[in-house]
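Student: Contents of query.cif (mmCIF, C-alpha atoms) are below:
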```cif
data_my_file
#
loop_
_atom_site.label_atom_id
_atom_site.label_comp_id
_atom_site.auth_asym_id
_atom_site.auth_seq_id
_atom_site.Cartn_x
_atom_site.Cartn_y
_atom_site.Cartn_z
CA MET A 472 12.07 -4.35 -27.53
CA ALA A 473 10.30 -2.31 -24.85
CA CYS A 474 7.38 -4.73 -24.78
CA ARG A 475 9.74 -7.66 -24.27
CA ALA A 476 11.40 -5.88 -21.36
CA ALA A 477 8.01 -5.04 -19.85
CA ARG A 478 6.89 -8.68 -20.16
CA ARG A 479 10.12 -9.87 -18.56
CA LEU A 480 9.72 -7.38 -15.72
CA TYR A 481 6.10 -8.44 -15.16
CA LYS A 482 7.12 -12.09 -15.17
CA THR A 483 9.86 -11.34 -12.65
CA LEU A 484 7.59 -9.33 -10.37
CA GLY A 485 4.35 -11.26 -10.64
CA ARG A 486 1.04 -9.93 -9.38
CA ARG A 487 2.17 -9.30 -5.81
CA GLY A 488 5.37 -7.63 -6.94
CA CYS A 489 3.54 -5.29 -9.31
CA PHE A 490 1.24 -4.29 -6.47
CA LEU A 491 4.22 -3.60 -4.22
CA VAL A 492 5.94 -1.53 -6.93
CA ILE A 493 2.87 0.63 -7.41
CA LEU A 494 2.34 0.97 -3.67
CA GLY A 495 6.00 1.76 -3.03
CA ILE A 496 6.11 4.49 -5.65
CA GLY A 497 2.86 5.97 -4.35
CA LYS A 498 3.97 6.03 -0.72
CA THR A 499 7.33 7.54 -1.63
CA CYS A 500 5.68 10.26 -3.71
CA TYR A 501 3.17 10.99 -0.95
CA GLY A 502 6.02 11.32 1.54
CA LEU A 503 7.93 13.61 -0.81
CA SER A 504 4.87 15.85 -1.04
CA PHE A 505 4.94 16.26 2.76
CA LEU A 506 8.68 16.94 2.61
CA PHE A 507 8.62 19.63 -0.08
CA THR A 508 5.25 21.32 0.57
CA PRO A 509 3.86 20.23 3.94
CA PRO A 510 0.15 20.88 4.38
CA GLY A 511 -1.51 22.13 7.53
CA ASP A 512 -1.66 19.74 10.44
CA HIS A 513 -5.47 19.46 10.44
CA GLY A 514 -6.17 16.34 12.46
CA LEU A 515 -2.51 15.39 12.77
CA GLN A 516 -1.80 17.21 16.04
CA LEU A 517 -0.90 13.92 17.70
CA LEU A 518 2.00 13.57 15.26
CA THR A 519 3.08 17.21 15.27
CA ARG A 520 3.42 17.13 19.06
CA PHE A 521 6.51 15.01 18.54
CA CYS A 522 7.97 16.54 15.37
CA ASP A 523 7.14 18.50 12.23
CA LEU A 524 5.27 16.94 9.29
CA ARG A 525 8.46 17.19 7.26
CA HIS A 526 10.03 14.72 9.66
CA TRP A 527 6.96 12.47 9.48
CA SER A 528 7.29 12.48 5.70
CA TRP A 529 10.33 10.26 6.09
CA LEU A 530 8.07 7.55 7.50
CA TRP A 531 6.21 7.48 4.17
CA ILE A 532 9.40 7.73 2.12
CA ILE A 533 11.33 4.99 3.94
CA CYS A 534 8.33 2.64 4.05
CA GLY A 535 7.72 3.34 0.36
CA ILE A 536 11.30 2.44 -0.52
CA ILE A 537 11.10 -0.76 1.54
CA THR A 538 7.79 -1.64 -0.12
CA PHE A 539 9.24 -0.99 -3.58
CA GLY A 540 12.37 -3.01 -2.85
CA SER A 541 10.37 -5.94 -1.48
CA ALA A 542 8.62 -6.29 -4.83
CA PHE A 543 11.73 -7.96 -6.22
CA LEU A 544 11.86 -10.62 -3.48
CA ARG A 545 10.36 -14.08 -3.69
CA ILE A 546 6.86 -14.76 -2.44
CA GLY A 547 6.97 -15.18 1.31
CA ARG A 548 9.99 -12.96 1.62
CA ASP A 549 8.00 -10.01 0.29
CA ARG A 550 6.12 -9.89 3.59
CA LEU A 551 8.32 -7.03 4.80
CA GLY A 552 7.01 -4.91 1.95
CA PHE A 553 3.41 -5.46 2.99
CA VAL A 554 4.22 -4.71 6.64
CA ALA A 555 6.11 -1.55 5.64
CA ALA A 556 3.17 -0.50 3.47
CA LEU A 557 0.81 -0.83 6.44
CA ILE A 558 2.75 1.38 8.84
CA PRO A 559 2.19 4.94 7.48
CA PRO A 560 -1.57 4.72 6.83
CA THR A 561 -2.07 3.03 10.19
CA VAL A 562 -0.20 5.83 11.96
CA TRP A 563 -2.19 8.47 10.07
CA ALA A 564 -5.51 6.70 10.84
CA LEU A 565 -4.56 6.55 14.52
CA ALA A 566 -3.74 10.26 14.54
CA TYR A 567 -7.05 11.16 12.91
CA THR A 568 -8.96 8.91 15.32
CA VAL A 569 -7.31 10.60 18.31
CA ALA A 570 -8.18 13.99 16.78
CA VAL A 571 -11.85 12.99 16.68
CA ILE A 572 -11.81 11.69 20.25
CA THR A 573 -10.15 14.85 21.57
CA GLY A 574 -12.43 17.08 19.50
CA ASP A 575 -9.59 18.68 17.52
CA TYR A 576 -10.81 17.57 14.10
CA SER A 577 -14.38 16.34 13.69
CA ARG A 578 -13.83 15.27 10.07
CA GLY A 579 -10.98 13.00 11.18
CA GLY A 580 -13.23 9.98 11.66
CA PHE A 581 -14.04 9.92 7.97
CA VAL A 582 -10.39 10.35 7.02
CA ALA A 583 -9.38 7.59 9.43
CA ALA A 584 -12.02 5.28 7.95
CA TRP A 585 -10.71 6.11 4.47
CA TYR A 586 -7.14 5.23 5.46
CA LEU A 587 -8.28 2.02 7.16
CA THR A 588 -10.36 0.82 4.22
CA SER A 589 -8.66 2.08 1.07
CA HIS A 590 -5.13 1.67 2.38
CA VAL A 591 -4.87 -0.77 5.26
CA GLY A 592 -7.72 -3.01 4.11
CA VAL A 593 -6.52 -3.22 0.51
CA ILE A 594 -2.94 -3.92 1.58
CA MET A 595 -4.06 -6.67 3.96
CA TRP A 596 -6.21 -8.21 1.23
CA ALA A 597 -3.40 -8.05 -1.34
CA ALA A 598 -1.02 -9.71 1.11
CA THR A 599 -3.27 -12.77 1.19
CA VAL A 600 -3.73 -13.08 -2.57
CA PRO A 601 -1.67 -15.99 -3.86
CA GLU A 602 0.66 -15.29 -6.73
CA TYR A 603 -0.86 -17.82 -9.07
CA SER A 604 -4.50 -18.47 -8.41
CA VAL A 605 -6.18 -19.60 -11.56
CA PRO A 606 -9.79 -20.67 -11.27
CA PRO A 607 -10.45 -24.23 -12.40
CA ALA A 608 -11.38 -24.56 -16.04
CA SER A 609 -15.07 -25.07 -16.56
CA ARG A 610 -15.88 -28.42 -18.03
CA ARG A 611 -18.16 -28.31 -20.97
CA PRO A 612 -20.80 -30.98 -21.02
CA ARG A 613 -19.79 -33.84 -23.21
CA ARG A 614 -21.90 -34.83 -26.09
CA GLY A 615 -22.71 -38.40 -25.69
CA LYS A 616 -25.26 -41.01 -26.27
CA ALA A 617 -28.51 -40.66 -24.44
CA ALA A 618 -29.13 -43.46 -22.02
#
```
Let me see the structure of the file written as structure tokens.
Tutor:
Amino acid sequence: MACRAARRLYKTLGRRGCFLVILGIGKTCYGLSFLFTPPGDHGLQLLTRFCDLRHWSWLWIICGIITFGSAFLRIGRDRLGFVAALIPPTVWALAYTVAVITGDYSRGGFVAAWYLTSHVGVIMWAATVPEYSVPPASRRPRRGKAA
């Protein structure tokens, strides 16, 4: 029974939807970690100038919920989920880049590059992956008469 429900859910979501579900849950959990036990603001001084990291956690939480909810939309309409997924890591990468430029956090360049590649880059790639892209079947050589 559980396997049937899982297959039905996978069929409903598809590849893009599954990616958005995973991403949405991850972003929401990451935001909740900032809400309940905020870390130090190493490299995030640009953000903490405006408000506390607990307030910034809502950016991750809201974008995670939008990303999760977009997983259940049709292809093409799920674009909002990919855009919402891009916002928090882009903001964090920008903050770390500014911290490197201002000299506040020398390690920030590596963290910014990590956000831009493992988050932003992967999300942008996944947004371009078609739902059903099956490679063409290879044709086996036919056995025939020699000429």
Student: Could you tell me how far CA of Thr568 (chain A) sits from CA of Cys534 (chain A), in Å to one decimal place?
Tutor: 21.6 Å
Student: Measuring atom to atom with all atoms listed in the file, identify which of A:Thr561, A:Asp575, A:Trp529, A:Pro601 is nearest to Leu587 (chain A).
Tutor: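 Counting all atoms listed in the file, the residue closest to Leu587 (chain A) is A:Thr561.
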Student: Selection in question (the file shown): the PyMOL selection byres ((chain A and resi 518) around 12). Which residues does it include, as a list in words?
Tutor: Asp512, His513, Gly514, Leu515, Gln516, Leu517, Thr519, Arg520, Phe521, Cys522, Asp523, Leu524, Arg525, His526, Trp527, Ser528, Leu530, Pro559, Val562, Trp563, Ala564, Leu565, Ala566, Tyr567, Thr568, Val569 and Ala570 of chain A
Student: Go ahead and write the selection's residues with C-alpha atoms as a PDB file, in the frame of the given file.
Tutor:
```pdb
ATOM      1  CA  ASP A 512      -1.660  19.740  10.440  1.00  0.00           C
ATOM      2  CA  HIS A 513      -5.470  19.460  10.440  1.00  0.00           C
ATOM      3  CA  GLY A 514      -6.170  16.340  12.460  1.00  0.00           C
ATOM      4  CA  LEU A 515      -2.510  15.390  12.770  1.00  0.00           C
ATOM      5  CA  GLN A 516      -1.800  17.210  16.040  1.00  0.00           C
ATOM      6  CA  LEU A 517      -0.900  13.920  17.700  1.00  0.00           C
ATOM      7  CA  THR A 519       3.080  17.210  15.270  1.00  0.00           C
ATOM      8  CA  ARG A 520       3.420  17.130  19.060  1.00  0.00           C
ATOM      9  CA  PHE A 521       6.510  15.010  18.540  1.00  0.00           C
ATOM     10  CA  CYS A 522       7.970  16.540  15.370  1.00  0.00           C
ATOM     11  CA  ASP A 523       7.140  18.500  12.230  1.00  0.00           C
ATOM     12  CA  LEU A 524       5.270  16.940   9.290  1.00  0.00           C
ATOM     13  CA  ARG A 525       8.460  17.190   7.260  1.00  0.00           C
ATOM     14  CA  HIS A 526      10.030  14.720   9.660  1.00  0.00           C
ATOM     15  CA  TRP A 527       6.960  12.470   9.480  1.00  0.00           C
ATOM     16  CA  SER A 528       7.290  12.480   5.700  1.00  0.00           C
ATOM     17  CA  LEU A 530       8.070   7.550   7.500  1.00  0.00           C
ATOM     18  CA  PRO A 559       2.190   4.940   7.480  1.00  0.00           C
ATOM     19  CA  VAL A 562      -0.200   5.830  11.960  1.00  0.00           C
ATOM     20  CA  TRP A 563      -2.190   8.470  10.070  1.00  0.00           C
ATOM     21  CA  ALA A 564      -5.510   6.700  10.840  1.00  0.00           C
ATOM     22  CA  LEU A 565      -4.560   6.550  14.520  1.00  0.00           C
ATOM     23  CA  ALA A 566      -3.740  10.260  14.540  1.00  0.00           C
ATOM     24  CA  TYR A 567      -7.050  11.160  12.910  1.00  0.00           C
ATOM     25  CA  THR A 568      -8.960   8.910  15.320  1.00  0.00           C
ATOM     26  CA  VAL A 569      -7.310  10.600  18.310  1.00  0.00           C
ATOM     27  CA  ALA A 570      -8.180  13.990  16.780  1.00  0.00           C
TER      28      ALA A 570
END
```
Student: Could you tell me, as a PyMOL selection string, exactly which residues end up selected when the PyMOL selection byres ((chain A and resi 477-483) around 12) is applied to this structure?
Tutor: chain A and resi 472-476+484-490+492+542-546+602-603
Student: For the selection you just gave me, I'd like the residues written to a file as a tab-separated table (two decimals), in the frame of the given file, keeping C-alpha atoms.
Tutor:
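What ended up in selection.tsv:
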```tsv
chain	number	residue	atom	x	y	z
A	472	MET	CA	12.07	-4.35	-27.53
A	473	ALA	CA	10.30	-2.31	-24.85
A	474	CYS	CA	7.38	-4.73	-24.78
A	475	ARG	CA	9.74	-7.66	-24.27
A	476	ALA	CA	11.40	-5.88	-21.36
A	484	LEU	CA	7.59	-9.33	-10.37
A	485	GLY	CA	4.35	-11.26	-10.64
A	486	ARG	CA	1.04	-9.93	-9.38
A	487	ARG	CA	2.17	-9.30	-5.81
A	488	GLY	CA	5.37	-7.63	-6.94
A	489	CYS	CA	3.54	-5.29	-9.31
A	490	PHE	CA	1.24	-4.29	-6.47
A	492	VAL	CA	5.94	-1.53	-6.93
A	542	ALA	CA	8.62	-6.29	-4.83
A	543	PHE	CA	11.73	-7.96	-6.22
A	544	LEU	CA	11.86	-10.62	-3.48
A	545	ARG	CA	10.36	-14.08	-3.69
A	546	ILE	CA	6.86	-14.76	-2.44
A	602	GLU	CA	0.66	-15.29	-6.73
A	603	TYR	CA	-0.86	-17.82	-9.07
```
Student: Enter the distance from CA of Ala598 (chain A) to CA of Phe581 (chain A), in Å, rounded to one decimal.
Tutor: 24.5 Å
Student: Selection in question (the file shown): the PyMOL selection byres ((chain A and resi 503) around 9). Which residues does it include, as a PyMOL selection string?
Tutor: chain A and resi 498-502+504-508+525+528-529+531-532
Student: With distances taken over all atoms listed in the file, which residue among A:Gly547, A:Ile496, A:Leu557, A:Pro510 lies nearest Val593 (chain A)?
Tutor: A:Leu557
Student: What is the CA of Gly497 (chain A)-CA of Phe539 (chain A) distance in Å, reported with one decimal?
Tutor: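 That distance, rounded to one decimal, is 9.5 Å.
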Student: Select, from A:Ile493, A:Ile537, A:Ala584, A:Ala597, the residue with the minimum atom-to-atom distance to Ile558 (chain A), counting only C-alpha atoms.
Tutor: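 Nearest candidate to Ile558 (chain A) out of A:Ile493, A:Ile537, A:Ala584, A:Ala597: A:Ile537.
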